[in-house]
>>> print(open('entry-v2.pdb').read())   # PDB, C-alpha atoms
ATOM      1  CA  MET A   1      -6.332  10.214 -18.222  1.00  0.00           C
ATOM      2  CA  SER A   2      -7.017  10.261 -14.497  1.00  0.00           C
ATOM      3  CA  MET A   3      -9.701  12.377 -12.904  1.00  0.00           C
ATOM      4  CA  LEU A   4     -10.343  13.270  -9.279  1.00  0.00           C
ATOM      5  CA  GLU A   5     -13.835  12.177  -8.323  1.00  0.00           C
ATOM      6  CA  TRP A   6     -16.261  12.469  -5.445  1.00  0.00           C
ATOM      7  CA  ARG A   7     -15.735  16.062  -4.332  1.00  0.00           C
ATOM      8  CA  THR A   8     -18.182  16.539  -1.492  1.00  0.00           C
ATOM      9  CA  ASN A   9     -16.307  18.610   1.037  1.00  0.00           C
ATOM     10  CA  ASP A  10     -16.588  22.383   0.552  1.00  0.00           C
ATOM     11  CA  SER A  11     -13.555  23.074   2.763  1.00  0.00           C
ATOM     12  CA  PRO A  12     -10.993  20.418   1.902  1.00  0.00           C
ATOM     13  CA  ASN A  13      -7.884  22.261   3.091  1.00  0.00           C
ATOM     14  CA  ASN A  14      -8.350  21.986   6.853  1.00  0.00           C
ATOM     15  CA  GLY A  15      -6.728  18.612   7.463  1.00  0.00           C
ATOM     16  CA  ARG A  16      -3.849  16.402   6.468  1.00  0.00           C
ATOM     17  CA  VAL A  17      -4.027  14.774   3.050  1.00  0.00           C
ATOM     18  CA  ALA A  18      -2.895  11.257   2.207  1.00  0.00           C
ATOM     19  CA  LEU A  19      -2.653   9.583  -1.188  1.00  0.00           C
ATOM     20  CA  VAL A  20      -3.157   5.807  -0.963  1.00  0.00           C
ATOM     21  CA  THR A  21      -2.614   3.671  -4.059  1.00  0.00           C
ATOM     22  CA  GLY A  22      -4.216   0.317  -4.750  1.00  0.00           C
ATOM     23  CA  ALA A  23      -6.967   1.523  -2.458  1.00  0.00           C
ATOM     24  CA  ALA A  24     -10.111   0.002  -3.954  1.00  0.00           C
ATOM     25  CA  ARG A  25      -9.889  -3.239  -1.998  1.00  0.00           C
ATOM     26  CA  GLY A  26      -8.018  -5.241   0.612  1.00  0.00           C
ATOM     27  CA  ILE A  27      -5.145  -3.669   2.508  1.00  0.00           C
ATOM     28  CA  GLY A  28      -5.303  -0.362   0.618  1.00  0.00           C
ATOM     29  CA  LEU A  29      -8.986   0.072   1.420  1.00  0.00           C
ATOM     30  CA  GLY A  30      -8.377  -0.808   5.060  1.00  0.00           C
ATOM     31  CA  ILE A  31      -5.579   1.744   5.321  1.00  0.00           C
ATOM     32  CA  SER A  32      -7.767   4.436   3.757  1.00  0.00           C
ATOM     33  CA  ALA A  33     -10.672   3.731   6.106  1.00  0.00           C
ATOM     34  CA  TRP A  34      -8.386   3.765   9.160  1.00  0.00           C
ATOM     35  CA  LEU A  35      -6.772   7.073   8.209  1.00  0.00           C
ATOM     36  CA  ILE A  36     -10.182   8.687   7.721  1.00  0.00           C
ATOM     37  CA  THR A  37     -11.167   7.709  11.270  1.00  0.00           C
ATOM     38  CA  GLU A  38      -8.024   9.532  12.453  1.00  0.00           C
ATOM     39  CA  GLY A  39      -9.002  12.750  10.687  1.00  0.00           C
ATOM     40  CA  TRP A  40      -7.109  12.386   7.430  1.00  0.00           C
ATOM     41  CA  GLN A  41      -8.504  13.387   4.062  1.00  0.00           C
ATOM     42  CA  VAL A  42      -7.688  10.479   1.801  1.00  0.00           C
ATOM     43  CA  VAL A  43      -7.382  10.274  -1.970  1.00  0.00           C
ATOM     44  CA  LEU A  44      -7.814   6.669  -3.069  1.00  0.00           C
ATOM     45  CA  ALA A  45      -5.921   5.829  -6.249  1.00  0.00           C
ATOM     46  CA  ASP A  46      -6.679   2.676  -8.182  1.00  0.00           C
ATOM     47  CA  ILE A  47      -6.751   1.398 -11.741  1.00  0.00           C
ATOM     48  CA  ASP A  48     -10.377   0.235 -11.284  1.00  0.00           C
ATOM     49  CA  ARG A  49     -12.504   3.352 -11.806  1.00  0.00           C
ATOM     50  CA  GLU A  50     -15.896   1.763 -11.102  1.00  0.00           C
ATOM     51  CA  ARG A  51     -14.906   0.059  -7.874  1.00  0.00           C
ATOM     52  CA  GLY A  52     -12.779   2.977  -6.687  1.00  0.00           C
ATOM     53  CA  SER A  53     -15.589   5.490  -7.154  1.00  0.00           C
ATOM     54  CA  LYS A  54     -18.001   3.223  -5.288  1.00  0.00           C
ATOM     55  CA  VAL A  55     -15.583   2.718  -2.409  1.00  0.00           C
ATOM     56  CA  ALA A  56     -14.877   6.449  -2.082  1.00  0.00           C
ATOM     57  CA  ARG A  57     -18.590   7.198  -1.847  1.00  0.00           C
ATOM     58  CA  ALA A  58     -19.021   4.554   0.810  1.00  0.00           C
ATOM     59  CA  LEU A  59     -16.186   6.024   2.898  1.00  0.00           C
ATOM     60  CA  GLY A  60     -17.875   9.432   3.041  1.00  0.00           C
ATOM     61  CA  GLU A  61     -17.012  13.066   2.633  1.00  0.00           C
ATOM     62  CA  ASN A  62     -13.337  12.751   3.507  1.00  0.00           C
ATOM     63  CA  ALA A  63     -12.618  10.287   0.696  1.00  0.00           C
ATOM     64  CA  TRP A  64     -11.806  11.123  -2.916  1.00  0.00           C
ATOM     65  CA  PHE A  65     -10.839   8.907  -5.817  1.00  0.00           C
ATOM     66  CA  VAL A  66      -8.397   9.238  -8.688  1.00  0.00           C
ATOM     67  CA  VAL A  67      -7.843   6.733 -11.497  1.00  0.00           C
ATOM     68  CA  MET A  68      -4.183   5.817 -11.774  1.00  0.00           C
ATOM     69  CA  ASP A  69      -1.981   3.144 -13.304  1.00  0.00           C
ATOM     70  CA  VAL A  70       1.078   3.642 -11.120  1.00  0.00           C
ATOM     71  CA  ALA A  71       3.378   2.121 -13.752  1.00  0.00           C
ATOM     72  CA  LYS A  72       2.628   4.945 -16.192  1.00  0.00           C
ATOM     73  CA  GLU A  73       4.413   8.180 -15.383  1.00  0.00           C
ATOM     74  CA  ASP A  74       1.942  10.390 -17.238  1.00  0.00           C
ATOM     75  CA  GLN A  75      -0.912   9.075 -15.092  1.00  0.00           C
ATOM     76  CA  VAL A  76       1.089   9.453 -11.882  1.00  0.00           C
ATOM     77  CA  SER A  77       2.041  13.016 -12.807  1.00  0.00           C
ATOM     78  CA  VAL A  78      -1.511  14.050 -13.695  1.00  0.00           C
ATOM     79  CA  GLY A  79      -2.987  12.304 -10.653  1.00  0.00           C
ATOM     80  CA  VAL A  80      -0.619  13.996  -8.211  1.00  0.00           C
ATOM     81  CA  ALA A  81      -1.268  17.359  -9.886  1.00  0.00           C
ATOM     82  CA  GLU A  82      -5.000  16.870  -9.420  1.00  0.00           C
ATOM     83  CA  VAL A  83      -4.527  16.101  -5.743  1.00  0.00           C
ATOM     84  CA  LEU A  84      -2.522  19.306  -5.343  1.00  0.00           C
ATOM     85  CA  GLY A  85      -5.107  21.239  -7.340  1.00  0.00           C
ATOM     86  CA  GLN A  86      -7.882  20.034  -5.069  1.00  0.00           C
ATOM     87  CA  PHE A  87      -6.163  20.322  -1.692  1.00  0.00           C
ATOM     88  CA  GLY A  88      -3.095  22.504  -2.152  1.00  0.00           C
ATOM     89  CA  ARG A  89      -1.022  20.111  -0.057  1.00  0.00           C
ATOM     90  CA  LEU A  90       0.097  16.522   0.376  1.00  0.00           C
ATOM     91  CA  ASP A  91       1.201  15.109   3.710  1.00  0.00           C
ATOM     92  CA  ALA A  92       1.503  11.362   3.177  1.00  0.00           C
ATOM     93  CA  LEU A  93       1.929   8.753   0.466  1.00  0.00           C
ATOM     94  CA  VAL A  94       1.089   5.084   0.946  1.00  0.00           C
ATOM     95  CA  CYS A  95       2.273   2.879  -1.941  1.00  0.00           C
ATOM     96  CA  ASN A  96       0.112  -0.217  -1.804  1.00  0.00           C
ATOM     97  CA  ALA A  97      -0.671  -0.723  -5.506  1.00  0.00           C
ATOM     98  CA  ALA A  98       0.697  -4.074  -6.650  1.00  0.00           C
ATOM     99  CA  ILE A  99       0.032  -7.159  -8.679  1.00  0.00           C
ATOM    100  CA  SER A 100      -0.759  -9.179  -5.591  1.00  0.00           C
ATOM    101  CA  ASP A 101      -0.704 -12.790  -6.818  1.00  0.00           C
ATOM    102  CA  PRO A 102       2.845 -13.868  -5.992  1.00  0.00           C
ATOM    103  CA  HIS A 103       2.794 -16.908  -8.261  1.00  0.00           C
ATOM    104  CA  THR A 104       3.881 -16.732 -11.881  1.00  0.00           C
ATOM    105  CA  PRO A 105       4.563 -19.568 -14.314  1.00  0.00           C
ATOM    106  CA  PRO A 106       7.662 -21.685 -13.645  1.00  0.00           C
ATOM    107  CA  LEU A 107      10.874 -19.876 -14.469  1.00  0.00           C
ATOM    108  CA  GLU A 108      11.319 -21.686 -17.771  1.00  0.00           C
ATOM    109  CA  SER A 109       7.888 -20.443 -18.911  1.00  0.00           C
ATOM    110  CA  LEU A 110       8.030 -16.931 -17.468  1.00  0.00           C
ATOM    111  CA  ASP A 111       7.912 -14.447 -20.329  1.00  0.00           C
ATOM    112  CA  LEU A 112       9.628 -11.081 -20.120  1.00  0.00           C
ATOM    113  CA  LYS A 113       6.399  -9.143 -20.684  1.00  0.00           C
ATOM    114  CA  ARG A 114       4.825 -10.575 -17.541  1.00  0.00           C
ATOM    115  CA  TRP A 115       8.031 -10.064 -15.545  1.00  0.00           C
ATOM    116  CA  ASN A 116       8.318  -6.435 -16.676  1.00  0.00           C
ATOM    117  CA  ARG A 117       4.686  -5.592 -15.929  1.00  0.00           C
ATOM    118  CA  LEU A 118       4.873  -7.011 -12.405  1.00  0.00           C
ATOM    119  CA  LEU A 119       8.060  -5.111 -11.596  1.00  0.00           C
ATOM    120  CA  ALA A 120       6.686  -1.969 -13.230  1.00  0.00           C
ATOM    121  CA  VAL A 121       3.614  -1.953 -10.980  1.00  0.00           C
ATOM    122  CA  ASN A 122       5.165  -3.274  -7.769  1.00  0.00           C
ATOM    123  CA  LEU A 123       8.486  -1.427  -7.834  1.00  0.00           C
ATOM    124  CA  THR A 124       8.725   1.240 -10.526  1.00  0.00           C
ATOM    125  CA  GLY A 125       5.329   2.589  -9.470  1.00  0.00           C
ATOM    126  CA  ALA A 126       6.622   3.333  -5.977  1.00  0.00           C
ATOM    127  CA  MET A 127       9.622   5.151  -7.446  1.00  0.00           C
ATOM    128  CA  LEU A 128       7.433   7.254  -9.755  1.00  0.00           C
ATOM    129  CA  LEU A 129       5.082   8.177  -6.934  1.00  0.00           C
ATOM    130  CA  ALA A 130       7.970   9.175  -4.680  1.00  0.00           C
ATOM    131  CA  LYS A 131       9.482  11.219  -7.507  1.00  0.00           C
ATOM    132  CA  HIS A 132       6.315  13.212  -8.171  1.00  0.00           C
ATOM    133  CA  CYS A 133       5.139  13.511  -4.557  1.00  0.00           C
ATOM    134  CA  ALA A 134       8.470  14.341  -2.904  1.00  0.00           C
ATOM    135  CA  PRO A 135       8.433  18.132  -3.528  1.00  0.00           C
ATOM    136  CA  TYR A 136       5.063  18.479  -1.815  1.00  0.00           C
ATOM    137  CA  LEU A 137       5.818  16.038   0.980  1.00  0.00           C
ATOM    138  CA  ARG A 138       8.991  18.006   1.739  1.00  0.00           C
ATOM    139  CA  GLY A 139       6.902  21.129   2.156  1.00  0.00           C
ATOM    140  CA  HIS A 140       4.852  19.549   4.949  1.00  0.00           C
ATOM    141  CA  ARG A 141       7.541  17.297   6.473  1.00  0.00           C
ATOM    142  CA  GLY A 142       5.521  14.365   5.257  1.00  0.00           C
ATOM    143  CA  ALA A 143       5.960  10.614   5.198  1.00  0.00           C
ATOM    144  CA  ILE A 144       5.965   7.701   2.773  1.00  0.00           C
ATOM    145  CA  VAL A 145       5.014   4.133   3.628  1.00  0.00           C
ATOM    146  CA  ASN A 146       5.623   1.384   1.069  1.00  0.00           C
ATOM    147  CA  ILE A 147       3.767  -1.918   1.402  1.00  0.00           C
ATOM    148  CA  ALA A 148       6.285  -4.689   0.768  1.00  0.00           C
ATOM    149  CA  SER A 149       5.999  -8.391   1.711  1.00  0.00           C
ATOM    150  CA  THR A 150       7.749 -11.027   3.770  1.00  0.00           C
ATOM    151  CA  ARG A 151       8.287 -12.834   0.463  1.00  0.00           C
ATOM    152  CA  ALA A 152      11.112 -10.383  -0.136  1.00  0.00           C
ATOM    153  CA  SER A 153      13.235 -12.483   2.229  1.00  0.00           C
ATOM    154  CA  GLN A 154      11.349 -15.793   2.373  1.00  0.00           C
ATOM    155  CA  SER A 155      10.116 -16.830  -1.033  1.00  0.00           C
ATOM    156  CA  GLU A 156       9.030 -20.070  -2.648  1.00  0.00           C
ATOM    157  CA  ALA A 157       8.994 -21.676  -6.082  1.00  0.00           C
ATOM    158  CA  ASP A 158       7.506 -19.712  -8.998  1.00  0.00           C
ATOM    159  CA  CYS A 159       7.528 -16.392  -7.128  1.00  0.00           C
ATOM    160  CA  GLU A 160      10.681 -14.923  -8.685  1.00  0.00           C
ATOM    161  CA  ALA A 161       9.093 -11.765 -10.106  1.00  0.00           C
ATOM    162  CA  TYR A 162       7.041 -10.998  -7.019  1.00  0.00           C
ATOM    163  CA  ALA A 163       9.902 -11.651  -4.610  1.00  0.00           C
ATOM    164  CA  ALA A 164      12.270  -9.532  -6.710  1.00  0.00           C
ATOM    165  CA  SER A 165       9.800  -6.656  -6.817  1.00  0.00           C
ATOM    166  CA  LYS A 166       9.173  -6.666  -3.074  1.00  0.00           C
ATOM    167  CA  GLY A 167      12.851  -7.078  -2.251  1.00  0.00           C
ATOM    168  CA  GLY A 168      13.568  -4.114  -4.481  1.00  0.00           C
ATOM    169  CA  LEU A 169      10.846  -2.129  -2.717  1.00  0.00           C
ATOM    170  CA  VAL A 170      12.510  -2.702   0.644  1.00  0.00           C
ATOM    171  CA  ALA A 171      15.828  -1.529  -0.815  1.00  0.00           C
ATOM    172  CA  LEU A 172      14.131   1.475  -2.432  1.00  0.00           C
ATOM    173  CA  THR A 173      12.666   2.380   0.952  1.00  0.00           C
ATOM    174  CA  HIS A 174      16.097   2.404   2.556  1.00  0.00           C
ATOM    175  CA  ALA A 175      17.549   4.540  -0.240  1.00  0.00           C
ATOM    176  CA  LEU A 176      14.668   7.029  -0.262  1.00  0.00           C
ATOM    177  CA  SER A 177      14.926   7.465   3.493  1.00  0.00           C
ATOM    178  CA  ILE A 178      18.405   8.887   2.943  1.00  0.00           C
ATOM    179  CA  SER A 179      17.666  10.851  -0.227  1.00  0.00           C
ATOM    180  CA  LEU A 180      14.603  12.593   1.209  1.00  0.00           C
ATOM    181  CA  ALA A 181      15.907  13.157   4.738  1.00  0.00           C
ATOM    182  CA  PRO A 182      15.361  14.980   6.929  1.00  0.00           C
ATOM    183  CA  GLU A 183      12.107  16.431   5.578  1.00  0.00           C
ATOM    184  CA  VAL A 184      10.396  13.184   4.537  1.00  0.00           C
ATOM    185  CA  ARG A 185      10.349   9.980   6.558  1.00  0.00           C
ATOM    186  CA  VAL A 186      10.225   6.772   4.481  1.00  0.00           C
ATOM    187  CA  ASN A 187       9.418   3.335   5.885  1.00  0.00           C
ATOM    188  CA  CYS A 188       7.909   0.095   4.667  1.00  0.00           C
ATOM    189  CA  VAL A 189       5.553  -2.476   6.110  1.00  0.00           C
ATOM    190  CA  SER A 190       5.985  -6.113   5.082  1.00  0.00           C
ATOM    191  CA  PRO A 191       2.859  -8.166   5.734  1.00  0.00           C
ATOM    192  CA  GLY A 192       2.996 -11.921   5.917  1.00  0.00           C
ATOM    193  CA  TRP A 193      -0.193 -13.948   5.713  1.00  0.00           C
ATOM    194  CA  ILE A 194      -2.981 -11.365   5.786  1.00  0.00           C
ATOM    195  CA  ASP A 195      -6.611 -12.311   5.140  1.00  0.00           C
ATOM    196  CA  SER A 196      -7.543  -9.389   2.899  1.00  0.00           C
ATOM    197  CA  ARG A 197     -10.637 -10.980   1.357  1.00  0.00           C
ATOM    198  CA  ASP A 198     -13.986  -9.228   1.403  1.00  0.00           C
ATOM    199  CA  PRO A 199     -16.036 -10.026   4.550  1.00  0.00           C
ATOM    200  CA  SER A 200     -18.539 -11.988   2.476  1.00  0.00           C
ATOM    201  CA  GLN A 201     -15.751 -14.252   1.186  1.00  0.00           C
ATOM    202  CA  GLN A 202     -14.408 -14.723   4.700  1.00  0.00           C
ATOM    203  CA  ARG A 203     -17.837 -15.843   5.904  1.00  0.00           C
ATOM    204  CA  LEU A 204     -18.252 -18.292   3.020  1.00  0.00           C
ATOM    205  CA  GLU A 205     -14.796 -19.803   3.431  1.00  0.00           C
ATOM    206  CA  PRO A 206     -13.608 -19.339   7.013  1.00  0.00           C
ATOM    207  CA  LEU A 207      -9.982 -20.116   7.737  1.00  0.00           C
ATOM    208  CA  SER A 208      -9.239 -23.400   9.459  1.00  0.00           C
ATOM    209  CA  VAL A 209      -7.849 -24.063  12.918  1.00  0.00           C
ATOM    210  CA  PHE A 210      -4.668 -25.176  11.168  1.00  0.00           C
ATOM    211  CA  ASP A 211      -4.399 -21.819   9.373  1.00  0.00           C
ATOM    212  CA  HIS A 212      -4.506 -19.978  12.679  1.00  0.00           C
ATOM    213  CA  ALA A 213      -2.146 -22.423  14.372  1.00  0.00           C
ATOM    214  CA  GLN A 214       0.656 -21.498  11.972  1.00  0.00           C
ATOM    215  CA  HIS A 215       1.148 -18.218  13.857  1.00  0.00           C
ATOM    216  CA  PRO A 216       2.521 -17.923  17.389  1.00  0.00           C
ATOM    217  CA  VAL A 217      -0.165 -15.325  18.155  1.00  0.00           C
ATOM    218  CA  GLY A 218      -2.798 -17.896  17.236  1.00  0.00           C
ATOM    219  CA  ARG A 219      -4.513 -16.107  14.374  1.00  0.00           C
ATOM    220  CA  VAL A 220      -4.035 -15.035  10.797  1.00  0.00           C
ATOM    221  CA  GLY A 221      -3.342 -11.351  10.210  1.00  0.00           C
ATOM    222  CA  THR A 222      -6.051  -8.883   9.261  1.00  0.00           C
ATOM    223  CA  VAL A 223      -6.166  -5.768   7.125  1.00  0.00           C
ATOM    224  CA  GLU A 224      -6.595  -3.754  10.308  1.00  0.00           C
ATOM    225  CA  ASP A 225      -3.278  -5.042  11.678  1.00  0.00           C
ATOM    226  CA  VAL A 226      -1.490  -3.521   8.699  1.00  0.00           C
ATOM    227  CA  ALA A 227      -3.594  -0.354   8.660  1.00  0.00           C
ATOM    228  CA  ALA A 228      -2.833   0.376  12.312  1.00  0.00           C
ATOM    229  CA  GLN A 229       0.911   0.077  11.670  1.00  0.00           C
ATOM    230  CA  VAL A 230       0.726   2.386   8.651  1.00  0.00           C
ATOM    231  CA  ALA A 231      -1.312   4.961  10.565  1.00  0.00           C
ATOM    232  CA  TRP A 232       1.283   4.994  13.341  1.00  0.00           C
ATOM    233  CA  LEU A 233       4.131   5.456  10.868  1.00  0.00           C
ATOM    234  CA  LEU A 234       2.339   8.485   9.409  1.00  0.00           C
ATOM    235  CA  SER A 235       1.760  10.005  12.837  1.00  0.00           C
ATOM    236  CA  ASP A 236       3.896  12.414  14.841  1.00  0.00           C
ATOM    237  CA  ALA A 237       4.526   9.572  17.298  1.00  0.00           C
ATOM    238  CA  ALA A 238       6.827   8.005  14.699  1.00  0.00           C
ATOM    239  CA  GLY A 239       8.763  11.199  14.075  1.00  0.00           C
ATOM    240  CA  PHE A 240      12.114   9.520  14.825  1.00  0.00           C
ATOM    241  CA  VAL A 241      11.432   6.486  12.613  1.00  0.00           C
ATOM    242  CA  THR A 242      12.717   6.284   9.048  1.00  0.00           C
ATOM    243  CA  GLY A 243      14.398   3.768   6.746  1.00  0.00           C
ATOM    244  CA  GLN A 244      12.839   0.831   8.580  1.00  0.00           C
ATOM    245  CA  GLU A 245      11.002  -2.347   7.558  1.00  0.00           C
ATOM    246  CA  PHE A 246       8.202  -3.445   9.876  1.00  0.00           C
ATOM    247  CA  VAL A 247       7.263  -7.112   9.530  1.00  0.00           C
ATOM    248  CA  ILE A 248       3.656  -8.018  10.338  1.00  0.00           C
ATOM    249  CA  ASP A 249       3.345 -11.786  10.220  1.00  0.00           C
ATOM    250  CA  GLY A 250       2.239 -12.877  13.681  1.00  0.00           C
ATOM    251  CA  GLY A 251       5.699 -14.299  14.345  1.00  0.00           C
ATOM    252  CA  MET A 252       5.317 -16.842  11.540  1.00  0.00           C
ATOM    253  CA  SER A 253       8.697 -16.194   9.920  1.00  0.00           C
ATOM    254  CA  ARG A 254      10.459 -16.713  13.250  1.00  0.00           C
ATOM    255  CA  LYS A 255       8.578 -19.975  13.682  1.00  0.00           C
ATOM    256  CA  MET A 256       9.487 -21.101  10.181  1.00  0.00           C
ATOM    257  CA  ILE A 257      13.158 -20.387  10.770  1.00  0.00           C
ATOM    258  CA  TYR A 258      13.542 -21.829  14.257  1.00  0.00           C
ATOM    259  CA  GLN A 259      10.970 -24.601  14.438  1.00  0.00           C
ATOM    260  CA  ASP A 260      12.225 -28.070  15.355  1.00  0.00           C
TER     261      ASP A 260
END
>>> encode(input="entry-v2.pdb", output="structure tokens")
Amino acid sequence: MSMLEWRTNDSPNNGRVALVTGAARGIGLGISAWLITEGWQVVLADIDRERGSKVARALGENAWFVVMDVAKEDQVSVGVAEVLGQFGRLDALVCNAAISDPHTPPLESLDLKRWNRLLAVNLTGAMLLAKHCAPYLRGHRGAIVNIASTRASQSEADCEAYAASKGGLVALTHALSISLAPEVRVNCVSPGWIDSRDPSQQRLEPLSVFDHAQHPVGRVGTVEDVAAQVAWLLSDAAGFVTGQEFVIDGGMSRKMIYQD
């Protein structure tokens, strides 16, 4: 059973409300922090209660936390209801929750249980969240941003489940953009190589010159690069943008395709 935690603001209904899943670390945490700086009230959803509660406290009075396994419809339903009970509105949904390790055992050893769980979290979760959030997003002409991956179109060996889930998420984004139009805009962001490690890990194991040289812009992507794109897609400035996939990979995929 999920439970909304860290209620510190006595007047929570004065600003826009965003629900961000997979928000206890990495890209989801970066998105949440960025939105808060832009005046959003953010509910962080994550399966890790201890870490999520700690992160919400660190982000301050405009951050809340709700425990949620996005692959389980009862938890999604209860979690969204708690958000509405607390705020009375929902303006944005960011679906970042995912099993993030793209590598699974070789195809011959890949069991159906592992395949199903990965697709349930990475793809079905986004559908369930859209299903339960859509009525409230419609009411505020809201927006959905799904976090996909460049592996949806450029995969590698032993990534079948991950690539399938992210490719499906891009297709789901396109379909939802039609189904929920014109009240709800739906887009996705597909990061490439993003260094989403904790700062302490980055200091202990800095990326090499070779790592940076893989990208035409001369550096590996950061969490902030993705967060800035998501924040723009949720803003009024992107009011004419829906059904799109935004690739954030520093030009790497173009280099991979066209290199000599």
>>> closest_residue(input="entry-v2.pdb", among="A:Ala231, A:Met252, A:Ala45, A:Leu59", to="Val217 of chain A", atoms="only C-alpha atoms")
A:Met252
>>> resolve_selection(input="entry-v2.pdb", expression="the PyMOL selection byres ((chain A and resi 115) around 12)", output="MDAnalysis selection string")
chainID A and resid 99 102:107 109:114 116:123 158:165
>>> residues_around(input="entry-v2.pdb", residues="Thr173 of chain A", least_positions_apart="6", cutoff="12 Å", atoms="only C-alpha atoms", output="PDB file with C-alpha atoms, in the coordinates of the input")
ATOM      1  CA  VAL A  94       1.089   5.084   0.946  1.00  0.00           C
ATOM      2  CA  CYS A  95       2.273   2.879  -1.941  1.00  0.00           C
ATOM      3  CA  LEU A 123       8.486  -1.427  -7.834  1.00  0.00           C
ATOM      4  CA  ALA A 126       6.622   3.333  -5.977  1.00  0.00           C
ATOM      5  CA  MET A 127       9.622   5.151  -7.446  1.00  0.00           C
ATOM      6  CA  ALA A 130       7.970   9.175  -4.680  1.00  0.00           C
ATOM      7  CA  ALA A 143       5.960  10.614   5.198  1.00  0.00           C
ATOM      8  CA  ILE A 144       5.965   7.701   2.773  1.00  0.00           C
ATOM      9  CA  VAL A 145       5.014   4.133   3.628  1.00  0.00           C
ATOM     10  CA  ASN A 146       5.623   1.384   1.069  1.00  0.00           C
ATOM     11  CA  ILE A 147       3.767  -1.918   1.402  1.00  0.00           C
ATOM     12  CA  ALA A 148       6.285  -4.689   0.768  1.00  0.00           C
ATOM     13  CA  LYS A 166       9.173  -6.666  -3.074  1.00  0.00           C
ATOM     14  CA  GLY A 167      12.851  -7.078  -2.251  1.00  0.00           C
ATOM     15  CA  SER A 179      17.666  10.851  -0.227  1.00  0.00           C
ATOM     16  CA  LEU A 180      14.603  12.593   1.209  1.00  0.00           C
ATOM     17  CA  ALA A 181      15.907  13.157   4.738  1.00  0.00           C
ATOM     18  CA  VAL A 184      10.396  13.184   4.537  1.00  0.00           C
ATOM     19  CA  ARG A 185      10.349   9.980   6.558  1.00  0.00           C
ATOM     20  CA  VAL A 186      10.225   6.772   4.481  1.00  0.00           C
ATOM     21  CA  ASN A 187       9.418   3.335   5.885  1.00  0.00           C
ATOM     22  CA  CYS A 188       7.909   0.095   4.667  1.00  0.00           C
ATOM     23  CA  VAL A 189       5.553  -2.476   6.110  1.00  0.00           C
ATOM     24  CA  SER A 190       5.985  -6.113   5.082  1.00  0.00           C
ATOM     25  CA  THR A 242      12.717   6.284   9.048  1.00  0.00           C
ATOM     26  CA  GLY A 243      14.398   3.768   6.746  1.00  0.00           C
ATOM     27  CA  GLN A 244      12.839   0.831   8.580  1.00  0.00           C
ATOM     28  CA  GLU A 245      11.002  -2.347   7.558  1.00  0.00           C
ATOM     29  CA  PHE A 246       8.202  -3.445   9.876  1.00  0.00           C
TER      30      PHE A 246
END
>>> atom_distance(input="entry-v2.pdb", atom1="atom CA of Asp48 of chain A", atom2="atom CA of Leu29 of chain A")
12.8 Å
>>> atom_distance(input="entry-v2.pdb", atom1="atom CA of Gly125 of chain A", atom2="atom CA of Val70 of chain A")
4.7 Å
>>> closest_residue(input="entry-v2.pdb", among="A:Gly15, A:Pro191, A:Asn96, A:Asp211", to="Gln229 of chain A", atoms="all atoms listed in the file")
A:Pro191
>>> atom_distance(input="entry-v2.pdb", atom1="atom CA of Ser100 of chain A", atom2="atom CA of Gln75 of chain A")
20.6 Å
>>> resolve_selection(input="entry-v2.pdb", expression="the PyMOL selection byres ((chain A and resi 192) around 10)", output="ChimeraX atom specification")
/A:148-151,154,189-191,193-195,220-221,226,247-253
>>> closest_residue(input="entry-v2.pdb", among="A:Leu176, A:Thr37, A:Leu169, A:Phe65", to="Val20 of chain A", atoms="all atoms listed in the file")
A:Phe65
>>> residues_near_point(input="entry-v2.pdb", point="(-11.9, -0.6, 0.3)", cutoff="10 Å", atoms="all atoms listed in the file", output="list of chain:residue names")
A:Gly22, A:Ala23, A:Ala24, A:Arg25, A:Gly26, A:Ile27, A:Gly28, A:Leu29, A:Gly30, A:Ile31, A:Ser32, A:Ala33, A:Leu44, A:Arg51, A:Gly52, A:Lys54, A:Val55, A:Ala56, A:Ala58, A:Leu59, A:Asp198
>>> residues_around(input="entry-v2.pdb", residues="Gly79 of chain A", least_positions_apart="4", cutoff="12 Å", atoms="all atoms listed in the file", output="JSON, numbers by chain")
{"A": [1, 2, 3, 4, 5, 19, 20, 21, 43, 44, 45, 46, 47, 64, 65, 66, 67, 68, 69, 70, 72, 73, 74, 75, 83, 84, 85, 86, 128, 129, 132, 133]}
>>> residues_around(input="entry-v2.pdb", residues="Val209 of chain A", least_positions_apart="4", cutoff="10 Å", atoms="only C-alpha atoms", output="VMD selection string")
chain A and resid 213 to 214 218 to 219
>>> decode(input="entry-v2.pdb", residues="segment 146-152 of chain A", atoms="N, CA and C atoms", output="tab-separated table (two decimals), in the first residue's frame")
chain	number	residue	atom	x	y	z
A	146	ASN	N	7.29	10.81	-21.28
A	146	ASN	CA	7.82	9.48	-21.03
A	146	ASN	C	9.32	9.47	-21.30
A	147	ILE	N	10.09	8.83	-20.41
A	147	ILE	CA	11.53	8.74	-20.62
A	147	ILE	C	11.83	7.41	-21.31
A	148	ALA	N	12.19	7.49	-22.57
A	148	ALA	CA	12.50	6.30	-23.37
A	148	ALA	C	14.01	6.10	-23.41
A	149	SER	N	14.57	5.75	-24.56
A	149	SER	CA	16.01	5.51	-24.68
A	149	SER	C	16.36	5.40	-26.14
A	150	THR	N	17.58	5.80	-26.48
A	150	THR	CA	18.04	5.63	-27.86
A	150	THR	C	18.19	4.16	-28.22
A	151	ARG	N	18.21	3.28	-27.22
A	151	ARG	CA	18.29	1.85	-27.50
A	151	ARG	C	17.01	1.33	-28.17
A	152	ALA	N	15.98	2.13	-28.18
A	152	ALA	CA	14.77	1.73	-28.89
A	152	ALA	C	15.03	1.58	-30.38
